[in-house]
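The next block holds one structure in the form of structure tokens; read it before the comments.
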There are 2 protein chains.
Amino acid sequence: MNPDPDYSAAYVVLETDHPSGMTGNGMTFTIGRGNEICVKAIESLTRMVVGRDLGELVSNMGQFWKQVTRDSQLRWVGPDKGVIHLASAAIVNAVWDLWAKSEQLPLWKLVSNLSPEEIANTVDWTYLEDALPKSEAIERLSAQLAGRPTRIKQLEQEGYPAYTTSAGWLGYTDDQLRQLCREALSKGWSTFKIKVGRDLADDIRRCRILREEIGPDRRLMIDANQVWGVGQALTWLPHLTPFSPWFIEEPTHPDDILGHAAIAKAVAPIKVATGEHCANAIMFKQLLKAGGMQICQIDSCRLAGVNEVLAVMLMADKFGVPVCPHAGGVGLCEYVQHLAMIDYVCISGRMDDRVCEYADHLHEHFTTPIAMSNGRYQPPTAPGYSITFNENVYERYTFPSGTEWQ
Amino acid sequence: MNPDPDYSAAYVVLETDHPSGMTGNGMTFTIGRGNEICVKAIESLTRMVVGRDLGELVSNMGQFWKQVTRDSQLRWVGPDKGVIHLASAAIVNAVWDLWAKSEQLPLWKLVSNLSPEEIANTVDWTYLEDALPKSEAIERLSAQLAGRPTRIKQLEQEGYPAYTTSAGWLGYTDDQLRQLCREALSKGWSTFKIKVGRDLADDIRRCRILREEIGPDRRLMIDANQVWGVGQALTWLPHLTPFSPWFIEEPTHPDDILGHAAIAKAVAPIKVATGEHCANAIMFKQLLKAGGMQICQIDSCRLAGVNEVLAVMLMADKFGVPVCPHAGGVGLCEYVQHLAMIDYVCISGRMDDRVCEYADHLHEHFTTPIAMSNGRYQPPTAPGYSITFNENVYERYTFPSGTEWQ
């Protein structure tokens, strides 16, 4: 589905009059063409933040989120989806970054310091309360309040579990595949995900080899990247279920709620994982209600910022569905580590059956890149949302004027 | 929901080397801010059409549609939704306009001259066949083939039924409302739609007056423009159902498939109408399968052109759901008259329970505006898709350089 990704970002810098020159940084991730459209949309949204007072914005983050996403004219070109929503993510996340920096806290700790009511107040509940009433969200958050300090300590000691997505190991010989697999095992990885959906015989071959190499107990996941129609998924998957994957990711189009539910029913107890292309919290609500999602893969840039991610994580918890954030690309690992930790500290209180995706590239461009240890994300300690680029990035990579493009 | 619409269009002109200077014209409709983002997206999509041969494009319209909507990088900022999909509509519709002009036929007649296989071949069936297999679509189209000439003749004699959307008559006194209602009745309108959802007591008052004025047999429709959450809709609507509306339009967020289904179940036999903000054919498939849509309100600019509208109308017919196109704004009436007529001639073969929305403004800007007679759309006779602007429109209304803006 994505044969030639050219990892890109539409990037926001909120400048302030703070004496230190503090900035709020945010981005939305794209895979190349289309990035320029997100930039244009961000320009159209600047009116939501330029000239405003940070204290006023963060004193009612739910209201601010509504202002950004409910401008009646801009809403028409969504609503709550596609380019305008990706652009909203960049702006909203930049405000969260600025808030966390101004409090001298990493974002996950900023949120971990908020009361249940304060967390619930960041969310727009208009279209969500039939799945999770705000009052019940506050109750659920309150029930996890006493355990927060213990879980923070545990995170700081152990980190958060991750899994690595290699290139999916398409196009290798049997021997190469076994070799790659053994190397990954020797590096401590215990959870493996491969791409499927291009050729059935090749999928069977690679699943067999992987299962042989990793043994019966380690987790194997398969990812179809939306290539199948529902009928096609239902005929293809029975050939792969004998290899006992933990989940099948994106078996069909992300908008096909009932299709996901039909596939989930057919492959149970194997789980269906989806969410990286799920447009908004209302669509997540559909998938959760319909039984089309057993693993919830939030995306930090497709949802319109931390507010909406919190809404989705709260609903997933209510429905008993583990959150396993989507990462990769550029910046997504930096972002989602915070979200996975917020889920653990404030919402689900659990790390079992949860893994945060990890990819080993492009971290060198950030001032405070992710820190991995023993295949686990180590909690960020620097203030902010970890998405601030090194200064030389702008000069080198700005499209099309940067030196790398020249 | 839309307090200050500023009707706008991102407009495409495909220039050709035809000796007559023939152009293909297409647009997507917006309500103001955000139009500039659609323009940017159209610029990003021009690579799909510039330098290409019309004969090659229309010889396989299904393939062309996939090229436009499946560019892997641009797809990321959708997929199939929001700005990139609105922009795709403008480009795809411009190609259909050029095709119809080159055949010297109005668009509805161009399609009415295509074989069932040719119509089915314009559609991308990848994610739709679990609802309607392509082979079954061809069978259904074939079953309507013999009746096409008779229905064309009938359309040319009688036109296609319409209903008018006034401003919804918010904010008038009882006397004013009765007066407006009587004027509309005297002009021959027999189907009335009003806005609801702002104030319950006011909604009850206006529904009561309208029902008194139009009598028990004429159709009253109510339109909530997405303002309610599901729970709110379920508590509000029982106060309005005693006035026997034919349908309730957009009772909640357009992405809330299961919410629409729950509301439809609660208000039956009153119907739920939706679709003007439904992002794509896959989302229509959800609404049809879940029972969340009893009236299918296709939009000519939100769906990515005629190809995807055909897919939706074919599915609606399979599910026994009447198509009542959304119009208003600018250009939508010009567009959807063709689609309603294609549905009648080629797909459903029925005009009962079907009405095409109508609004009495901005038609003067088109070279071949709609023609209404006795409250019915008269079939377009000019070649093309009726969306070509008068020459002076560009000089006057181009934003921000046009003389009207100056």
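Quick note on naming: the chains in the structure tokens go A, B, ... in the order shown, residues restart at 1 in each chain, and ligands are numbered from 1 in order of appearance.
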
Those of region 145-176 of chain B in DSSP helix (DSSP H, G or I), formatted as a PyMOL selection string: chain B and resi 148-158+174-176

Can you tell me, as number ranges by chain, what residues are no more than 10 Å from region 130-143 of chain A when counting only C-alpha atoms, ignoring any on the same chain fewer than 3 positions away? A: 115-121, 123-127, 146-147, 282, 285-286, 288-289, 311, 314-319, 345-349; B: 229-232, 259

Could you fit chain B onto chain A by least squares over every C-alpha atom, paired in order, and give me the moved chain as a short mmCIF file (atom, residue, chain, number, x, y, z; two decimals) with C-alpha atoms, in the first residue's frame?
```cif
data_model
loop_
_atom_site.label_atom_id
_atom_site.label_comp_id
_atom_site.auth_asym_id
_atom_site.auth_seq_id
_atom_site.Cartn_x
_atom_site.Cartn_y
_atom_site.Cartn_z
CA MET B 1 0.01 0.01 -0.01
CA ASN B 2 2.90 2.35 0.75
CA PRO B 3 5.61 1.37 -1.76
CA ASP B 4 7.67 4.56 -1.68
CA PRO B 5 7.31 6.46 1.59
CA ASP B 6 9.36 9.65 1.78
CA TYR B 7 9.11 10.44 5.47
CA SER B 8 8.11 14.06 5.91
CA ALA B 9 6.65 16.37 8.50
CA ALA B 10 4.55 19.51 8.46
CA TYR B 11 6.16 21.27 11.36
CA VAL B 12 4.88 23.99 13.69
CA VAL B 13 6.95 26.27 15.89
CA LEU B 14 4.99 28.47 18.28
CA GLU B 15 7.19 31.41 19.17
CA THR B 16 6.69 33.13 22.50
CA ASP B 17 7.76 36.26 24.35
CA HIS B 18 9.21 34.12 27.14
CA PRO B 19 12.66 35.52 28.11
CA SER B 20 14.31 32.14 27.44
CA GLY B 21 13.00 32.08 23.86
CA MET B 22 10.88 29.06 24.72
CA THR B 23 8.96 27.58 21.74
CA GLY B 24 6.11 25.13 21.40
CA ASN B 25 6.93 22.52 18.77
CA GLY B 26 4.53 20.20 17.01
CA MET B 27 4.29 18.26 13.79
CA THR B 28 2.16 16.03 11.71
CA PHE B 29 3.70 13.13 9.86
CA THR B 30 3.25 12.41 6.14
CA ILE B 31 4.99 10.16 3.65
CA GLY B 32 5.91 12.81 1.08
CA ARG B 33 3.50 14.32 -1.42
CA GLY B 34 0.62 15.83 0.51
CA ASN B 35 2.92 17.36 3.11
CA GLU B 36 2.57 20.70 1.32
CA ILE B 37 -1.22 20.47 1.73
CA CYS B 38 -0.85 19.94 5.48
CA VAL B 39 1.44 22.98 5.61
CA LYS B 40 -1.23 25.04 3.87
CA ALA B 41 -3.85 23.80 6.35
CA ILE B 42 -1.60 24.68 9.28
CA GLU B 43 -1.28 28.20 7.87
CA SER B 44 -5.08 28.40 7.79
CA LEU B 45 -5.21 27.34 11.44
CA THR B 46 -2.59 29.76 12.79
CA ARG B 47 -5.37 32.20 13.66
CA MET B 48 -6.26 29.82 16.49
CA VAL B 49 -2.98 30.45 18.33
CA VAL B 50 -1.22 33.59 17.11
CA GLY B 51 -1.32 36.35 19.71
CA ARG B 52 -2.96 34.20 22.36
CA ASP B 53 -1.92 33.63 25.94
CA LEU B 54 -0.68 30.16 26.89
CA GLY B 55 -2.23 30.37 30.34
CA GLU B 56 -5.61 31.08 28.78
CA LEU B 57 -5.32 28.20 26.32
CA VAL B 58 -4.28 25.57 28.86
CA SER B 59 -6.74 26.73 31.51
CA ASN B 60 -9.39 25.16 29.30
CA MET B 61 -7.78 22.75 26.86
CA GLY B 62 -11.14 21.21 25.99
CA GLN B 63 -12.43 24.59 24.89
CA PHE B 64 -9.23 25.29 22.92
CA TRP B 65 -9.54 21.93 21.16
CA LYS B 66 -13.10 22.76 20.16
CA GLN B 67 -12.01 26.14 18.81
CA VAL B 68 -9.41 24.48 16.60
CA THR B 69 -11.62 21.65 15.35
CA ARG B 70 -15.02 23.38 15.24
CA ASP B 71 -14.33 26.47 13.16
CA SER B 72 -17.50 26.15 11.13
CA GLN B 73 -15.93 26.94 7.76
CA LEU B 74 -12.80 24.83 8.18
CA ARG B 75 -14.88 22.01 9.62
CA TRP B 76 -16.59 21.67 6.24
CA VAL B 77 -13.41 20.30 4.64
CA GLY B 78 -13.26 17.54 7.29
CA PRO B 79 -15.08 17.25 9.52
CA ASP B 80 -12.54 15.81 11.95
CA LYS B 81 -10.61 13.95 9.28
CA GLY B 82 -7.97 14.15 6.59
CA VAL B 83 -5.71 17.13 6.04
CA ILE B 84 -7.51 19.57 8.35
CA HIS B 85 -7.37 17.08 11.23
CA LEU B 86 -3.67 16.26 10.63
CA ALA B 87 -2.96 19.99 10.68
CA SER B 88 -4.96 20.38 13.89
CA ALA B 89 -2.76 17.69 15.45
CA ALA B 90 0.38 19.69 14.68
CA ILE B 91 -1.02 22.85 16.25
CA VAL B 92 -2.62 21.21 19.27
CA ASN B 93 0.48 19.14 20.02
CA ALA B 94 2.63 22.26 19.82
CA VAL B 95 0.50 23.85 22.53
CA TRP B 96 0.87 20.74 24.72
CA ASP B 97 4.64 20.85 24.13
CA LEU B 98 4.76 24.50 25.17
CA TRP B 99 2.63 23.80 28.22
CA ALA B 100 4.92 20.96 29.34
CA LYS B 101 8.05 23.04 28.72
CA SER B 102 6.58 25.93 30.68
CA GLU B 103 5.96 23.57 33.58
CA GLN B 104 9.47 22.11 33.21
CA LEU B 105 8.00 18.63 32.85
CA PRO B 106 8.05 15.94 30.17
CA LEU B 107 4.56 15.68 28.74
CA TRP B 108 3.76 12.31 30.27
CA LYS B 109 4.54 13.71 33.73
CA LEU B 110 2.54 16.88 33.09
CA VAL B 111 -0.53 14.75 32.40
CA SER B 112 0.30 12.45 35.32
CA ASN B 113 0.12 15.52 37.57
CA LEU B 114 -3.38 16.47 36.38
CA SER B 115 -6.44 15.52 38.41
CA PRO B 116 -9.01 13.14 36.92
CA GLU B 117 -11.32 16.13 36.35
CA GLU B 118 -8.56 18.11 34.65
CA ILE B 119 -7.78 15.22 32.30
CA ALA B 120 -11.46 14.73 31.47
CA ASN B 121 -11.82 18.47 30.85
CA THR B 122 -9.28 18.36 28.02
CA VAL B 123 -11.67 16.14 26.01
CA ASP B 124 -14.62 17.18 23.84
CA TRP B 125 -17.29 14.70 24.94
CA THR B 126 -20.02 15.86 22.53
CA TYR B 127 -20.08 12.71 20.39
CA LEU B 128 -18.58 10.21 22.83
CA GLU B 129 -20.81 10.00 25.89
CA ASP B 130 -22.96 7.16 24.60
CA ALA B 131 -19.78 5.04 24.80
CA LEU B 132 -18.25 6.63 27.88
CA PRO B 133 -20.01 9.37 29.85
CA LYS B 134 -17.64 12.04 31.11
CA SER B 135 -18.67 11.29 34.69
CA GLU B 136 -17.70 7.65 34.25
CA ALA B 137 -14.36 8.67 32.72
CA ILE B 138 -13.65 10.72 35.84
CA GLU B 139 -14.60 7.77 38.05
CA ARG B 140 -12.30 5.44 36.13
CA LEU B 141 -9.42 7.95 36.27
CA SER B 142 -10.03 8.44 39.99
CA ALA B 143 -9.83 4.71 40.61
CA GLN B 144 -6.28 4.78 39.21
CA LEU B 145 -5.19 7.86 41.14
CA ALA B 146 -3.71 6.15 44.21
CA GLY B 147 -1.50 3.88 42.11
CA ARG B 148 0.05 6.62 40.01
CA PRO B 149 3.22 7.17 42.12
CA THR B 150 4.02 3.45 42.20
CA ARG B 151 3.57 3.13 38.44
CA ILE B 152 5.70 6.21 37.77
CA LYS B 153 8.47 4.68 39.85
CA GLN B 154 8.12 1.37 38.02
CA LEU B 155 8.31 3.10 34.64
CA GLU B 156 11.43 4.95 35.71
CA GLN B 157 13.03 1.67 36.71
CA GLU B 158 11.88 -0.66 33.94
CA GLY B 159 10.80 1.46 30.99
CA TYR B 160 7.85 0.59 28.73
CA PRO B 161 7.75 -2.51 26.50
CA ALA B 162 8.33 -2.07 22.77
CA TYR B 163 8.38 -4.06 19.58
CA THR B 164 10.35 -3.44 16.45
CA THR B 165 9.01 -3.24 12.94
CA SER B 166 11.68 -4.13 10.46
CA ALA B 167 11.00 -3.71 6.78
CA GLY B 168 8.72 -6.70 7.22
CA TRP B 169 11.27 -8.98 5.62
CA LEU B 170 9.70 -9.10 2.19
CA GLY B 171 11.89 -10.42 -0.61
CA TYR B 172 14.49 -12.35 1.38
CA THR B 173 15.54 -15.97 0.86
CA ASP B 174 14.80 -18.50 3.58
CA ASP B 175 18.38 -18.35 4.79
CA GLN B 176 18.47 -14.58 4.94
CA LEU B 177 15.19 -14.50 6.81
CA ARG B 178 16.40 -17.01 9.42
CA GLN B 179 19.60 -14.99 9.84
CA LEU B 180 17.75 -11.69 10.33
CA CYS B 181 15.44 -13.33 12.79
CA ARG B 182 18.30 -14.73 14.87
CA GLU B 183 20.02 -11.35 14.92
CA ALA B 184 16.89 -9.68 16.22
CA LEU B 185 16.46 -12.36 18.89
CA SER B 186 20.06 -11.87 19.99
CA LYS B 187 19.39 -8.16 20.41
CA GLY B 188 16.63 -8.95 22.87
CA TRP B 189 13.55 -8.45 20.71
CA SER B 190 10.81 -10.90 21.53
CA THR B 191 7.86 -9.65 19.47
CA PHE B 192 7.93 -9.77 15.67
CA LYS B 193 5.74 -8.17 13.04
CA ILE B 194 5.80 -8.92 9.33
CA LYS B 195 3.99 -7.56 6.31
CA VAL B 196 1.49 -9.80 4.52
CA GLY B 197 -0.98 -9.46 1.66
CA ARG B 198 1.20 -9.32 -1.45
CA ASP B 199 1.50 -13.03 -2.23
CA LEU B 200 -0.16 -15.79 -0.27
CA ALA B 201 2.49 -18.48 -0.85
CA ASP B 202 5.21 -16.04 0.22
CA ASP B 203 3.23 -15.04 3.30
CA ILE B 204 2.89 -18.70 4.32
CA ARG B 205 6.58 -19.33 3.76
CA ARG B 206 7.70 -16.35 5.82
CA CYS B 207 5.23 -16.97 8.64
CA ARG B 208 6.40 -20.59 8.86
CA ILE B 209 10.08 -19.63 9.03
CA LEU B 210 9.44 -16.94 11.62
CA ARG B 211 7.38 -19.22 13.81
CA GLU B 212 10.08 -21.90 13.58
CA GLU B 213 12.78 -19.43 14.54
CA ILE B 214 11.01 -17.65 17.41
CA GLY B 215 9.36 -20.74 18.83
CA PRO B 216 5.75 -21.20 19.92
CA ASP B 217 5.70 -18.69 22.79
CA ARG B 218 7.07 -15.46 21.39
CA ARG B 219 4.62 -13.15 19.67
CA LEU B 220 4.26 -12.97 15.91
CA MET B 221 2.10 -10.25 14.38
CA ILE B 222 1.04 -9.78 10.77
CA ASP B 223 0.25 -6.50 9.03
CA ALA B 224 -1.77 -6.26 5.80
CA ASN B 225 -1.69 -2.44 5.46
CA GLN B 226 -5.33 -2.27 4.25
CA VAL B 227 -4.76 -4.14 0.99
CA TRP B 228 -7.67 -6.58 1.26
CA GLY B 229 -11.36 -6.21 0.69
CA VAL B 230 -13.41 -7.98 3.37
CA GLY B 231 -14.04 -11.09 1.29
CA GLN B 232 -10.38 -11.32 0.33
CA ALA B 233 -9.31 -11.05 3.98
CA LEU B 234 -11.72 -13.81 4.91
CA THR B 235 -10.27 -16.19 2.30
CA TRP B 236 -6.60 -15.24 2.85
CA LEU B 237 -6.37 -15.24 6.64
CA PRO B 238 -7.28 -18.90 7.32
CA HIS B 239 -3.99 -19.78 5.60
CA LEU B 240 -2.05 -17.66 8.10
CA THR B 241 -3.94 -18.28 11.33
CA PRO B 242 -2.24 -21.70 11.83
CA PHE B 243 0.95 -19.75 12.65
CA SER B 244 -0.91 -18.27 15.62
CA PRO B 245 -0.33 -14.57 15.12
CA TRP B 246 -1.15 -12.44 18.16
CA PHE B 247 -2.92 -9.97 15.91
CA ILE B 248 -3.66 -9.15 12.29
CA GLU B 249 -3.12 -5.45 11.65
CA GLU B 250 -5.18 -3.35 9.21
CA PRO B 251 -6.80 -6.23 7.35
CA THR B 252 -8.95 -3.86 5.26
CA HIS B 253 -9.79 -0.20 4.66
CA PRO B 254 -9.68 1.82 7.90
CA ASP B 255 -13.23 3.10 7.36
CA ASP B 256 -14.70 -0.38 7.13
CA ILE B 257 -15.95 -0.67 10.70
CA LEU B 258 -18.29 -3.57 10.06
CA GLY B 259 -15.69 -5.25 7.84
CA HIS B 260 -13.21 -5.20 10.71
CA ALA B 261 -15.89 -6.65 12.98
CA ALA B 262 -16.64 -9.47 10.52
CA ILE B 263 -12.94 -10.28 10.16
CA ALA B 264 -12.42 -10.17 13.94
CA LYS B 265 -15.27 -12.61 14.42
CA ALA B 266 -13.81 -14.95 11.80
CA VAL B 267 -10.25 -15.02 13.16
CA ALA B 268 -10.98 -14.99 16.91
CA PRO B 269 -9.22 -15.58 19.28
CA ILE B 270 -6.62 -13.94 17.04
CA LYS B 271 -7.05 -10.20 17.49
CA VAL B 272 -7.61 -7.44 14.95
CA ALA B 273 -5.35 -4.41 15.42
CA THR B 274 -6.08 -1.09 13.79
CA GLY B 275 -6.06 2.65 14.37
CA GLU B 276 -3.05 4.24 12.67
CA HIS B 277 -5.40 5.44 9.91
CA CYS B 278 -8.49 5.79 12.08
CA ALA B 279 -9.61 9.36 11.52
CA ASN B 280 -10.92 10.46 14.91
CA ALA B 281 -12.31 9.45 18.29
CA ILE B 282 -15.78 8.95 16.85
CA MET B 283 -14.42 6.36 14.42
CA PHE B 284 -12.54 4.65 17.27
CA LYS B 285 -15.86 4.56 19.12
CA GLN B 286 -17.40 2.69 16.16
CA LEU B 287 -14.61 0.12 16.07
CA LEU B 288 -14.77 -0.45 19.81
CA LYS B 289 -18.57 -0.74 19.88
CA ALA B 290 -18.72 -3.02 16.84
CA GLY B 291 -15.98 -5.37 18.08
CA GLY B 292 -13.77 -4.47 15.13
CA MET B 293 -10.67 -3.66 17.20
CA GLN B 294 -9.03 -5.84 19.84
CA ILE B 295 -5.76 -3.86 19.82
CA CYS B 296 -6.03 -0.06 19.70
CA GLN B 297 -3.23 1.53 17.67
CA ILE B 298 -3.45 5.23 18.41
CA ASP B 299 -1.53 7.64 16.21
CA SER B 300 -0.16 10.86 17.69
CA CYS B 301 -0.53 12.86 14.45
CA ARG B 302 -3.74 11.52 12.89
CA LEU B 303 -5.78 12.16 16.00
CA ALA B 304 -5.95 15.89 16.65
CA GLY B 305 -3.43 15.98 19.44
CA VAL B 306 -3.15 14.79 23.03
CA ASN B 307 -6.76 15.72 23.88
CA GLU B 308 -8.26 13.33 21.36
CA VAL B 309 -5.71 10.59 22.15
CA LEU B 310 -6.77 10.79 25.79
CA ALA B 311 -10.39 10.36 24.72
CA VAL B 312 -9.53 7.27 22.70
CA MET B 313 -7.37 5.72 25.42
CA LEU B 314 -10.16 6.28 27.96
CA MET B 315 -12.69 4.58 25.67
CA ALA B 316 -10.32 1.69 24.87
CA ASP B 317 -9.85 1.12 28.60
CA LYS B 318 -13.60 1.08 29.13
CA PHE B 319 -13.96 -1.54 26.40
CA GLY B 320 -11.05 -3.61 27.75
CA VAL B 321 -8.96 -3.07 24.62
CA PRO B 322 -5.18 -2.63 25.08
CA VAL B 323 -3.55 0.47 23.58
CA CYS B 324 -0.47 -0.32 21.48
CA PRO B 325 0.59 2.96 19.84
CA HIS B 326 1.60 3.19 16.20
CA ALA B 327 5.10 4.53 15.57
CA GLY B 328 7.83 4.62 12.93
CA GLY B 329 8.18 7.32 10.30
CA VAL B 330 9.72 10.43 11.80
CA GLY B 331 8.87 11.72 15.26
CA LEU B 332 6.19 9.16 16.01
CA CYS B 333 8.35 7.21 18.47
CA GLU B 334 9.25 10.47 20.22
CA TYR B 335 5.56 11.30 20.54
CA VAL B 336 3.92 8.00 21.41
CA GLN B 337 6.28 6.98 24.21
CA HIS B 338 4.57 9.72 26.26
CA LEU B 339 1.11 8.46 25.34
CA ALA B 340 1.87 4.84 26.25
CA MET B 341 3.18 5.99 29.62
CA ILE B 342 0.13 8.19 30.26
CA ASP B 343 -2.05 5.16 29.52
CA TYR B 344 -0.10 3.13 32.06
CA VAL B 345 0.11 5.75 34.81
CA CYS B 346 -3.33 7.35 34.56
CA ILE B 347 -5.74 5.20 32.56
CA SER B 348 -5.33 1.45 32.20
CA GLY B 349 -2.75 0.96 34.96
CA ARG B 350 -1.50 -2.06 33.00
CA MET B 351 1.53 -2.96 30.92
CA ASP B 352 0.60 -6.56 30.14
CA ASP B 353 -0.58 -7.22 26.58
CA ARG B 354 0.74 -3.78 25.67
CA VAL B 355 3.68 -2.88 23.45
CA CYS B 356 4.65 0.40 21.88
CA GLU B 357 5.91 0.24 18.30
CA TYR B 358 9.54 1.19 17.70
CA ALA B 359 11.64 1.93 14.63
CA ASP B 360 15.34 2.63 14.67
CA HIS B 361 15.65 5.65 12.43
CA LEU B 362 15.68 9.45 12.27
CA HIS B 363 15.98 9.93 16.04
CA GLU B 364 19.23 11.85 15.56
CA HIS B 365 17.27 14.88 14.36
CA PHE B 366 15.64 15.57 17.72
CA THR B 367 17.12 17.49 20.63
CA THR B 368 15.84 14.86 23.07
CA PRO B 369 15.53 11.60 21.12
CA ILE B 370 14.00 8.45 22.56
CA ALA B 371 16.17 6.33 24.82
CA MET B 372 15.82 2.56 24.47
CA SER B 373 17.22 0.01 26.88
CA ASN B 374 16.67 -3.77 26.72
CA GLY B 375 14.04 -3.29 24.04
CA ARG B 376 12.07 -0.88 26.24
CA TYR B 377 11.34 2.83 26.03
CA GLN B 378 12.96 4.72 28.92
CA PRO B 379 10.76 7.53 30.25
CA PRO B 380 11.62 10.96 28.81
CA THR B 381 12.99 13.38 31.36
CA ALA B 382 13.39 16.58 29.30
CA PRO B 383 10.58 19.13 29.48
CA GLY B 384 8.07 19.01 26.63
CA TYR B 385 6.71 16.50 24.14
CA SER B 386 10.15 15.44 22.74
CA ILE B 387 9.46 16.69 19.24
CA THR B 388 11.85 19.66 19.02
CA PHE B 389 14.17 19.39 16.02
CA ASN B 390 17.86 20.17 16.19
CA GLU B 391 18.52 23.65 14.83
CA ASN B 392 20.34 22.41 11.73
CA VAL B 393 17.33 20.38 10.59
CA TYR B 394 15.59 23.46 9.20
CA GLU B 395 18.56 24.55 7.13
CA ARG B 396 19.20 21.08 5.79
CA TYR B 397 15.77 19.56 5.24
CA THR B 398 13.26 22.35 4.65
CA PHE B 399 11.53 21.49 1.37
CA PRO B 400 12.53 22.53 -1.26
CA SER B 401 15.11 25.11 -0.15
CA GLY B 402 17.19 23.03 2.28
CA THR B 403 20.75 22.05 1.46
CA GLU B 404 19.91 18.33 1.32
CA TRP B 405 17.23 18.99 -1.32
CA GLN B 406 19.58 21.25 -3.30
#
```

Tell me, which residues of region 166-385 of chain B carry DSSP strand (DSSP E or B), written as a PyMOL selection string? chain B and resi 191-195+219-223+247-249+271-274+295-296+323+356-358+366+371-373+376-378+384

Only C-alpha atoms, please: the residues just picked out, written as a short mmCIF file (atom, residue, chain, number, x, y, z; two decimals), in the first residue's frame.
```
data_model
loop_
_atom_site.label_atom_id
_atom_site.label_comp_id
_atom_site.auth_asym_id
_atom_site.auth_seq_id
_atom_site.Cartn_x
_atom_site.Cartn_y
_atom_site.Cartn_z
CA THR B 191 -42.26 19.18 0.57
CA PHE B 192 -40.83 21.27 3.40
CA LYS B 193 -37.63 21.02 5.38
CA ILE B 194 -36.76 22.99 8.51
CA LYS B 195 -33.73 23.24 10.74
CA ARG B 219 -44.09 16.01 3.62
CA LEU B 220 -42.27 17.74 6.45
CA MET B 221 -38.58 17.03 7.00
CA ILE B 222 -36.33 18.14 9.85
CA ASP B 223 -32.59 18.75 9.69
CA PHE B 247 -37.14 12.05 7.77
CA ILE B 248 -34.71 13.46 10.30
CA GLU B 249 -31.55 14.64 8.57
CA LYS B 271 -36.47 7.72 8.42
CA VAL B 272 -32.92 8.90 9.03
CA ALA B 273 -31.40 10.84 6.14
CA THR B 274 -27.69 11.46 5.86
CA ILE B 295 -32.58 8.19 2.77
CA CYS B 296 -29.25 8.42 0.92
CA VAL B 323 -31.30 8.46 -3.24
CA CYS B 356 -33.65 16.24 -5.30
CA GLU B 357 -32.79 19.19 -3.08
CA TYR B 358 -33.07 22.65 -4.63
CA PHE B 366 -23.26 29.22 -14.86
CA ALA B 371 -34.08 24.90 -15.36
CA MET B 372 -36.97 24.41 -12.93
CA SER B 373 -40.60 24.02 -13.91
CA ARG B 376 -39.20 19.97 -10.86
CA TYR B 377 -35.74 19.85 -12.40
CA GLN B 378 -35.93 19.85 -16.20
CA GLY B 384 -21.25 18.45 -20.19
#
```
